[in-house]
file final-v3.csv (CSV, C-alpha atoms)
chain,number,residue,atom,x,y,z
F,1,MET,CA,15.8,91.8,44.8
F,2,THR,CA,16.4,93.7,48.1
F,3,PRO,CA,19.9,94.3,49.5
F,4,ASP,CA,19.2,91.8,52.3
F,5,THR,CA,18.4,89.0,49.8
F,6,ALA,CA,21.1,89.8,47.2
F,7,PRO,CA,23.8,87.2,47.0
F,8,ARG,CA,27.0,88.2,48.8
F,9,ARG,CA,30.1,88.5,46.6
F,10,ARG,CA,32.6,85.9,47.6
F,11,SER,CA,36.1,86.8,48.5
F,12,VAL,CA,38.7,84.8,46.6
F,13,THR,CA,41.2,85.2,49.4
F,14,GLY,CA,38.7,83.9,51.9
F,15,ASP,CA,37.9,80.9,49.7
F,16,VAL,CA,41.6,80.2,49.3
F,17,LEU,CA,42.1,80.2,53.1
F,18,ILE,CA,39.1,77.9,53.5
F,19,VAL,CA,40.6,75.4,51.1
F,20,MET,CA,44.0,75.7,52.5
F,21,GLY,CA,42.7,75.1,56.0
F,22,ARG,CA,40.8,72.0,54.8
F,23,GLU,CA,44.0,70.6,53.2
F,24,LEU,CA,46.1,71.3,56.3
F,25,ARG,CA,43.7,69.7,58.7
F,26,PRO,CA,44.9,66.1,58.1
F,27,VAL,CA,48.5,67.3,58.5
F,28,VAL,CA,47.7,69.0,61.9
F,29,SER,CA,45.7,66.0,63.1
F,30,ASP,CA,48.4,63.5,62.1
F,31,PRO,CA,51.8,65.2,62.2
F,32,PHE,CA,53.5,61.8,62.0
F,33,SER,CA,53.0,62.1,58.2
F,34,LEU,CA,55.6,64.9,58.3
F,35,VAL,CA,58.0,62.6,60.1
F,36,VAL,CA,57.6,59.9,57.4
F,37,GLY,CA,58.4,62.5,54.7
F,38,LEU,CA,61.7,63.2,56.5
F,39,VAL,CA,63.0,59.7,56.5
F,40,GLN,CA,64.7,59.9,53.1
F,41,PRO,CA,66.4,63.3,53.5
F,42,VAL,CA,67.6,62.4,57.0
F,43,PHE,CA,69.2,59.2,55.6
F,44,PHE,CA,70.9,61.2,52.9
F,45,LEU,CA,72.0,63.7,55.5
F,46,VAL,CA,73.4,61.1,57.9
F,47,LEU,CA,74.8,58.5,55.5
F,48,PHE,CA,75.6,60.5,52.3
F,49,GLY,CA,76.6,63.8,53.9
F,50,PRO,CA,79.8,62.5,55.5
F,51,LEU,CA,81.0,61.1,52.2
F,52,VAL,CA,81.0,64.6,50.6
F,53,ALA,CA,84.6,65.3,51.2
F,54,THR,CA,85.8,68.9,51.7
F,55,ASP,CA,87.8,68.9,48.5
F,56,ALA,CA,84.7,67.7,46.5
F,57,ALA,CA,82.6,70.6,47.6
F,58,PRO,CA,83.2,74.2,46.5
F,59,GLU,CA,82.6,75.6,50.0
F,60,PRO,CA,85.0,75.6,52.9
F,61,SER,CA,82.5,73.4,54.8
F,62,PRO,CA,81.0,70.5,52.9
F,63,TRP,CA,77.8,70.9,55.0
F,64,ALA,CA,77.3,74.5,53.8
F,65,TRP,CA,77.3,73.0,50.3
F,66,PHE,CA,75.4,69.8,50.9
F,67,VAL,CA,72.5,70.8,53.3
F,68,PRO,CA,70.9,73.4,51.0
F,69,GLY,CA,70.8,70.7,48.3
F,70,ILE,CA,69.0,68.3,50.7
F,71,LEU,CA,66.4,71.0,51.4
F,72,VAL,CA,65.7,71.3,47.7
F,73,MET,CA,65.4,67.6,47.5
F,74,ILE,CA,62.7,67.8,50.2
F,75,SER,CA,60.8,70.3,48.1
F,76,LEU,CA,61.1,68.1,45.0
F,77,PHE,CA,60.2,64.7,46.5
F,78,GLY,CA,57.8,66.0,49.1
F,79,THR,CA,55.6,67.9,46.7
F,80,ALA,CA,56.0,66.2,43.3
F,81,SER,CA,53.8,63.2,44.4
F,82,THR,CA,51.0,65.3,46.0
F,83,GLY,CA,49.0,64.9,42.8
F,84,SER,CA,48.3,61.3,43.8
F,85,ASN,CA,46.2,62.6,46.7
F,86,LEU,CA,44.1,64.6,44.3
F,87,GLN,CA,43.7,61.6,42.1
F,88,TYR,CA,42.3,59.7,45.0
F,89,GLU,CA,39.8,62.4,45.6
F,90,LEU,CA,38.9,62.5,42.0
F,91,HIS,CA,38.2,58.7,42.0
F,92,SER,CA,36.3,58.8,45.4
F,93,GLY,CA,34.1,61.7,44.4
F,94,SER,CA,35.1,64.0,47.2
F,95,HIS,CA,36.6,66.5,44.8
F,96,GLU,CA,33.3,66.6,42.8
F,97,ARG,CA,31.5,67.4,46.1
F,98,LEU,CA,33.8,70.4,46.5
F,99,LEU,CA,32.9,71.6,43.0
F,100,VAL,CA,29.3,72.0,43.9
F,101,THR,CA,30.1,74.4,46.8
F,102,PRO,CA,30.1,78.1,46.3
F,103,LEU,CA,33.9,78.2,46.4
F,104,THR,CA,35.5,79.6,43.3
F,105,ARG,CA,37.3,77.2,40.9
F,106,SER,CA,40.6,79.0,41.1
F,107,SER,CA,40.5,79.0,45.0
F,108,LEU,CA,40.1,75.2,45.0
F,109,PHE,CA,43.4,74.9,43.2
F,110,VAL,CA,45.3,77.8,44.7
F,111,GLY,CA,44.4,76.9,48.3
F,112,ARG,CA,45.5,73.3,47.7
F,113,ALA,CA,48.7,74.4,46.2
F,114,LEU,CA,49.5,76.9,48.9
F,115,LYS,CA,49.0,74.2,51.5
F,116,GLU,CA,52.3,72.7,50.3
F,117,PHE,CA,54.2,75.7,51.8
F,118,VAL,CA,53.5,75.0,55.4
F,119,PRO,CA,54.6,71.3,55.8
F,120,LEU,CA,57.5,71.8,53.5
F,121,VAL,CA,59.0,74.7,55.5
F,122,ALA,CA,58.4,72.8,58.7
F,123,GLN,CA,60.3,69.8,57.4
F,124,ALA,CA,63.1,72.0,56.2
F,125,VAL,CA,63.5,73.6,59.6
F,126,VAL,CA,63.8,70.1,61.2
F,127,VAL,CA,66.5,69.1,58.7
F,128,VAL,CA,68.5,72.4,59.3
F,129,LEU,CA,68.4,71.8,63.0
F,130,ALA,CA,69.4,68.2,62.6
F,131,ALA,CA,72.4,69.3,60.5
F,132,VAL,CA,73.7,71.7,63.1
F,133,PRO,CA,75.4,69.0,65.2
F,134,PHE,CA,77.3,67.9,62.1
F,135,GLY,CA,78.9,71.3,61.7
F,136,PHE,CA,76.3,73.2,59.6
F,137,ARG,CA,76.3,76.9,60.6
F,138,PRO,CA,73.7,78.7,58.5
F,139,HIS,CA,73.3,82.5,58.4
F,140,VAL,CA,70.1,83.2,60.2
F,141,GLY,CA,68.7,85.9,58.0
F,142,GLY,CA,69.7,84.1,54.8
F,143,ALA,CA,68.3,80.9,56.2
F,144,VAL,CA,64.9,82.5,56.7
F,145,LEU,CA,64.9,83.8,53.1
F,146,GLY,CA,66.1,80.4,51.9
F,147,LEU,CA,63.1,78.7,53.6
F,148,LEU,CA,60.7,81.2,52.0
F,149,LEU,CA,62.3,80.5,48.6
F,150,LEU,CA,62.0,76.8,49.2
F,151,GLY,CA,58.3,77.3,50.0
F,152,VAL,CA,57.7,79.1,46.7
F,153,LEU,CA,59.4,76.3,44.8
F,154,GLY,CA,57.2,73.7,46.7
F,155,VAL,CA,54.1,75.6,45.7
F,156,GLY,CA,55.2,75.5,42.0
F,157,ILE,CA,56.1,71.8,42.0
F,158,GLY,CA,53.0,70.8,43.9
F,159,SER,CA,50.9,72.8,41.4
F,160,LEU,CA,52.5,71.0,38.5
F,161,SER,CA,51.8,67.7,40.2
F,162,TYR,CA,48.1,68.6,40.8
F,163,ALA,CA,47.8,69.8,37.1
F,164,LEU,CA,49.2,66.5,35.9
F,165,ALA,CA,46.8,64.6,38.2
F,166,ILE,CA,43.8,66.5,36.7
F,167,ALA,CA,45.0,65.9,33.2
F,168,VAL,CA,45.4,62.1,33.6
F,169,ARG,CA,42.7,61.6,36.2
F,170,GLU,CA,41.6,58.2,34.9
F,171,GLN,CA,45.1,56.8,34.4
F,172,ASP,CA,47.1,56.5,37.6
F,173,TRP,CA,49.9,54.8,35.8
F,174,VAL,CA,50.5,57.8,33.5
F,175,PHE,CA,50.9,60.0,36.5
F,176,TRP,CA,53.5,57.8,38.1
F,177,THR,CA,55.3,57.2,34.8
F,178,VAL,CA,55.7,60.9,34.2
F,179,HIS,CA,56.6,61.4,37.9
F,180,GLN,CA,59.5,58.9,37.9
F,181,THR,CA,60.7,59.8,34.4
F,182,VAL,CA,61.0,63.5,35.2
F,183,LEU,CA,62.0,63.5,38.9
F,184,PHE,CA,65.4,61.8,38.9
F,185,PRO,CA,66.9,63.6,35.8
F,186,LEU,CA,65.9,66.9,37.5
F,187,MET,CA,67.5,65.8,40.7
F,188,ILE,CA,70.8,64.7,39.2
F,189,LEU,CA,71.1,67.6,36.8
F,190,SER,CA,70.6,70.1,39.6
F,191,GLY,CA,73.8,69.3,41.4
F,192,MET,CA,72.0,69.0,44.7
F,193,LEU,CA,73.9,66.0,45.8
F,194,LEU,CA,77.2,66.1,43.8
F,195,PRO,CA,78.8,69.1,42.0
F,196,LEU,CA,78.6,69.1,38.2
F,197,ASP,CA,81.6,71.2,37.7
F,198,ASP,CA,83.8,68.3,36.6
F,199,GLY,CA,81.0,66.5,34.8
F,200,PRO,CA,80.6,66.1,31.1
F,201,ARG,CA,79.9,69.3,29.2
F,202,TRP,CA,76.5,68.1,28.0
F,203,MET,CA,75.4,67.6,31.6
F,204,ARG,CA,76.6,71.1,32.5
F,205,VAL,CA,74.7,72.6,29.6
F,206,LEU,CA,71.5,70.7,30.4
F,207,ALA,CA,71.8,71.8,34.1
F,208,GLN,CA,71.6,75.4,33.1
F,209,PHE,CA,68.1,74.8,31.7
F,210,ASN,CA,67.0,73.1,34.9
F,211,PRO,CA,65.3,75.5,37.2
F,212,LEU,CA,66.3,73.4,40.2
F,213,THR,CA,69.9,74.2,39.4
F,214,HIS,CA,69.4,77.9,40.0
F,215,VAL,CA,67.3,77.3,43.1
F,216,VAL,CA,70.0,75.0,44.6
F,217,GLU,CA,72.7,77.6,44.0
F,218,ALA,CA,70.5,80.4,45.4
F,219,GLU,CA,69.9,78.3,48.6
F,220,ARG,CA,73.6,77.8,49.1
F,221,ASP,CA,74.2,81.5,48.8
F,222,LEU,CA,71.4,82.4,51.1
F,223,PHE,CA,72.3,79.9,53.8
F,224,ALA,CA,75.9,81.2,53.6
F,225,GLY,CA,74.7,84.8,54.1
F,226,HIS,CA,75.3,85.9,50.5
F,227,ILE,CA,72.0,87.5,49.8
F,228,ALA,CA,72.4,90.0,47.0
F,229,THR,CA,74.0,87.7,44.4
F,230,GLN,CA,73.3,86.8,40.8
F,231,ASP,CA,72.7,83.2,41.8
F,232,THR,CA,70.1,84.3,44.4
F,233,ALA,CA,68.3,86.4,41.8
F,234,LEU,CA,68.3,83.6,39.3
F,235,GLY,CA,67.0,81.2,41.9
F,236,LEU,CA,64.2,83.5,42.9
F,237,LEU,CA,63.3,84.0,39.2
F,238,ALA,CA,63.3,80.2,38.7
F,239,ALA,CA,61.2,79.4,41.7
F,240,THR,CA,58.7,82.2,41.0
F,241,ALA,CA,58.4,81.2,37.3
F,242,THR,CA,57.8,77.5,38.4
F,243,ALA,CA,55.1,78.6,40.8
F,244,LEU,CA,53.3,80.9,38.3
F,245,LEU,CA,53.5,78.2,35.6
F,246,GLY,CA,52.2,75.5,37.9
F,247,LEU,CA,49.3,77.7,39.1
F,248,PHE,CA,48.4,78.7,35.6
F,249,LEU,CA,48.4,75.2,34.2
F,250,GLY,CA,46.6,73.8,37.2
F,251,ILE,CA,43.8,76.4,37.2
F,252,ARG,CA,43.4,75.9,33.5
F,253,ALA,CA,43.2,72.1,33.8
F,254,LEU,CA,40.7,72.4,36.6
F,255,ARG,CA,38.4,74.7,34.6
F,256,ALA,CA,38.7,72.6,31.5
F,257,GLY,CA,37.9,69.4,33.4
F,258,THR,CA,34.8,70.9,35.0
F,259,SER,CA,33.4,72.9,32.1
call {"tool": "encode", "arguments": {"input": "final-v3.csv", "output": "structure tokens"}}
result
Amino acid sequence: MTPDTAPRRRSVTGDVLIVMGRELRPVVSDPFSLVVGLVQPVFFLVLFGPLVATDAAPEPSPWAWFVPGILVMISLFGTASTGSNLQYELHSGSHERLLVTPLTRSSLFVGRALKEFVPLVAQAVVVVLAAVPFGFRPHVGGAVLGLLLLGVLGVGIGSLSYALAIAVREQDWVFWTVHQTVLFPLMILSGMLLPLDDGPRWMRVLAQFNPLTHVVEAERDLFAGHIATQDTALGLLAATATALLGLFLGIRALRAGTS
């Protein structure tokens, strides 16, 4: 085989970017989908935020405590259901058509997971700007780091959602049962809407094992400008661990399902 006819070695990074671009194309062509995803958090911001009294929130400003929790809620609800889109592709056969392309198996999953970063951060920016008229005054540098941390968490949650979709590809009801069973306990036990300091001891103990708890606390520190803190380090560790676990389980499930 001559050098001219030898197969070219594929770049994993290039494959990931191709898949990521493919997944982002519908979002770019129909940005209204991002607006729909903002309806729930904006309702919480406008209707629930004013109810968070200053004496109920640990921070001097209730918005400095409440808004970062809403941003984590966007990450949770916005990416946890993305596996349903993959299930649709599995049923329609479009995913199988991707499998016969020269793209590497890992890039098919990683590119899809990394796609969650872009719309999530875009939605978070809109929520932050919407909260400013209410009195929210974020630290600019900390806010940028907080948005990046939020994106890492979104990649992790989205990856876990995709992994679940692959594992139960023929049973949509199992996906949504697990989705609803896990989602709300994680939300409540993270303290993103209400502080858990005065809650029952068993709730506070469970909250410490919830990775979202540490991400929420990290977001509050970052948006307040407290960057080098223990909560920030724990939040970064929790978000990174969630992303690595999700990518590992997702790639493994994809390879097992196509072997």
call {"tool": "residues_around", "arguments": {"input": "final-v3.csv", "residues": "Ala122 of chain F", "least_positions_apart": "6", "cutoff": "10 Å", "atoms": "all atoms listed in the file", "output": "ChimeraX atom specification"}}
result
/F:34,147,151
call {"tool": "residues_around", "arguments": {"input": "final-v3.csv", "residues": "Phe175 of chain F", "least_positions_apart": "2", "cutoff": "12 Å", "atoms": "all atoms listed in the file", "output": "list in words"}}
result
Ala80, Ser81, Thr82, Gly83, Ser84, Asn85, Leu86, Gln87, Leu160, Ser161, Tyr162, Ala163, Leu164, Ala165, Ile166, Ala167, Val168, Arg169, Glu170, Gln171, Asp172, Trp173, Thr177, Val178, His179, Gln180, Thr181, Val182 and Leu183 of chain F
call {"tool": "closest_residue", "arguments": {"input": "final-v3.csv", "among": "F:Thr229, F:Ser33, F:Thr101, F:Gln123", "to": "Ile70 of chain F", "atoms": "all atoms listed in the file"}}
result
F:Gln123
call {"tool": "residues_around", "arguments": {"input": "final-v3.csv", "residues": "segment 209-217 of chain F", "least_positions_apart": "2", "cutoff": "8 Å", "atoms": "all atoms listed in the file", "output": "PyMOL selection string"}}
result
chain F and resi 68-69+72+186-187+189-192+205-207+219-221+231-232+234-236+238-239+242
call {"tool": "residues_around", "arguments": {"input": "final-v3.csv", "residues": "Asp15 of chain F", "least_positions_apart": "2", "cutoff": "6 Å", "atoms": "all atoms listed in the file", "output": "list in words"}}
result
Val12, Thr13, Leu17, Ile18, Leu103 and Ser107 of chain F
call {"tool": "residues_near_point", "arguments": {"input": "final-v3.csv", "point": "(63.2, 65.4, 53.0)", "cutoff": "8 Å", "atoms": "only C-alpha atoms", "output": "PyMOL selection string"}}
result
chain F and resi 37-42+70-71+73-75+77-78+123-124+127
call {"tool": "build_atoms", "arguments": {"input": "final-v3.csv", "residues": "segment 153-176 of chain F", "atoms": "N, CA and C atoms", "output": "PDB file, in the coordinates of the input"}}
result
ATOM      1  N   LEU F 153      59.106  77.395  45.718  1.00  0.00           N
ATOM      2  CA  LEU F 153      59.400  76.300  44.800  1.00  0.00           C
ATOM      3  C   LEU F 153      58.424  75.131  45.054  1.00  0.00           C
ATOM      4  N   GLY F 154      58.159  74.826  46.330  1.00  0.00           N
ATOM      5  CA  GLY F 154      57.200  73.700  46.700  1.00  0.00           C
ATOM      6  C   GLY F 154      55.845  73.979  46.141  1.00  0.00           C
ATOM      7  N   VAL F 155      55.381  75.230  46.213  1.00  0.00           N
ATOM      8  CA  VAL F 155      54.100  75.600  45.700  1.00  0.00           C
ATOM      9  C   VAL F 155      54.054  75.309  44.160  1.00  0.00           C
ATOM     10  N   GLY F 156      55.141  75.671  43.479  1.00  0.00           N
ATOM     11  CA  GLY F 156      55.200  75.500  42.000  1.00  0.00           C
ATOM     12  C   GLY F 156      55.216  73.989  41.654  1.00  0.00           C
ATOM     13  N   ILE F 157      56.067  73.203  42.318  1.00  0.00           N
ATOM     14  CA  ILE F 157      56.100  71.800  42.000  1.00  0.00           C
ATOM     15  C   ILE F 157      54.837  71.078  42.366  1.00  0.00           C
ATOM     16  N   GLY F 158      54.268  71.428  43.513  1.00  0.00           N
ATOM     17  CA  GLY F 158      53.000  70.800  43.900  1.00  0.00           C
ATOM     18  C   GLY F 158      51.888  71.187  42.910  1.00  0.00           C
ATOM     19  N   SER F 159      51.884  72.423  42.416  1.00  0.00           N
ATOM     20  CA  SER F 159      50.900  72.800  41.400  1.00  0.00           C
ATOM     21  C   SER F 159      51.008  72.031  40.145  1.00  0.00           C
ATOM     22  N   LEU F 160      52.245  71.830  39.695  1.00  0.00           N
ATOM     23  CA  LEU F 160      52.500  71.000  38.500  1.00  0.00           C
ATOM     24  C   LEU F 160      52.008  69.591  38.703  1.00  0.00           C
ATOM     25  N   SER F 161      52.237  69.071  39.907  1.00  0.00           N
ATOM     26  CA  SER F 161      51.800  67.700  40.200  1.00  0.00           C
ATOM     27  C   SER F 161      50.271  67.615  40.203  1.00  0.00           C
ATOM     28  N   TYR F 162      49.595  68.612  40.780  1.00  0.00           N
ATOM     29  CA  TYR F 162      48.100  68.600  40.800  1.00  0.00           C
ATOM     30  C   TYR F 162      47.606  68.767  39.327  1.00  0.00           C
ATOM     31  N   ALA F 163      48.263  69.616  38.532  1.00  0.00           N
ATOM     32  CA  ALA F 163      47.800  69.800  37.100  1.00  0.00           C
ATOM     33  C   ALA F 163      47.956  68.490  36.368  1.00  0.00           C
ATOM     34  N   LEU F 164      49.045  67.755  36.596  1.00  0.00           N
ATOM     35  CA  LEU F 164      49.200  66.500  35.900  1.00  0.00           C
ATOM     36  C   LEU F 164      48.141  65.480  36.384  1.00  0.00           C
ATOM     37  N   ALA F 165      47.825  65.475  37.675  1.00  0.00           N
ATOM     38  CA  ALA F 165      46.800  64.600  38.200  1.00  0.00           C
ATOM     39  C   ALA F 165      45.442  64.847  37.559  1.00  0.00           C
ATOM     40  N   ILE F 166      45.104  66.119  37.364  1.00  0.00           N
ATOM     41  CA  ILE F 166      43.800  66.500  36.700  1.00  0.00           C
ATOM     42  C   ILE F 166      43.822  66.056  35.273  1.00  0.00           C
ATOM     43  N   ALA F 167      44.967  66.238  34.604  1.00  0.00           N
ATOM     44  CA  ALA F 167      45.000  65.900  33.200  1.00  0.00           C
ATOM     45  C   ALA F 167      44.914  64.439  32.898  1.00  0.00           C
ATOM     46  N   VAL F 168      45.412  63.595  33.816  1.00  0.00           N
ATOM     47  CA  VAL F 168      45.400  62.100  33.600  1.00  0.00           C
ATOM     48  C   VAL F 168      44.570  61.465  34.677  1.00  0.00           C
ATOM     49  N   ARG F 169      43.477  62.063  35.059  1.00  0.00           N
ATOM     50  CA  ARG F 169      42.700  61.600  36.200  1.00  0.00           C
ATOM     51  C   ARG F 169      42.303  60.155  36.183  1.00  0.00           C
ATOM     52  N   GLU F 170      42.057  59.612  35.016  1.00  0.00           N
ATOM     53  CA  GLU F 170      41.600  58.200  34.900  1.00  0.00           C
ATOM     54  C   GLU F 170      42.730  57.235  34.725  1.00  0.00           C
ATOM     55  N   GLN F 171      43.957  57.722  34.681  1.00  0.00           N
ATOM     56  CA  GLN F 171      45.100  56.800  34.400  1.00  0.00           C
ATOM     57  C   GLN F 171      46.190  57.087  35.437  1.00  0.00           C
ATOM     58  N   ASP F 172      46.109  56.368  36.536  1.00  0.00           N
ATOM     59  CA  ASP F 172      47.100  56.500  37.600  1.00  0.00           C
ATOM     60  C   ASP F 172      48.507  56.211  37.095  1.00  0.00           C
ATOM     61  N   TRP F 173      48.624  55.215  36.243  1.00  0.00           N
ATOM     62  CA  TRP F 173      49.900  54.800  35.800  1.00  0.00           C
ATOM     63  C   TRP F 173      50.656  55.858  34.997  1.00  0.00           C
ATOM     64  N   VAL F 174      49.895  56.677  34.280  1.00  0.00           N
ATOM     65  CA  VAL F 174      50.500  57.800  33.500  1.00  0.00           C
ATOM     66  C   VAL F 174      51.124  58.786  34.479  1.00  0.00           C
ATOM     67  N   PHE F 175      50.398  59.088  35.552  1.00  0.00           N
ATOM     68  CA  PHE F 175      50.900  60.000  36.500  1.00  0.00           C
ATOM     69  C   PHE F 175      52.249  59.562  37.096  1.00  0.00           C
ATOM     70  N   TRP F 176      52.309  58.298  37.532  1.00  0.00           N
ATOM     71  CA  TRP F 176      53.500  57.800  38.100  1.00  0.00           C
ATOM     72  C   TRP F 176      54.641  57.604  37.124  1.00  0.00           C
TER      73      TRP F 176
END
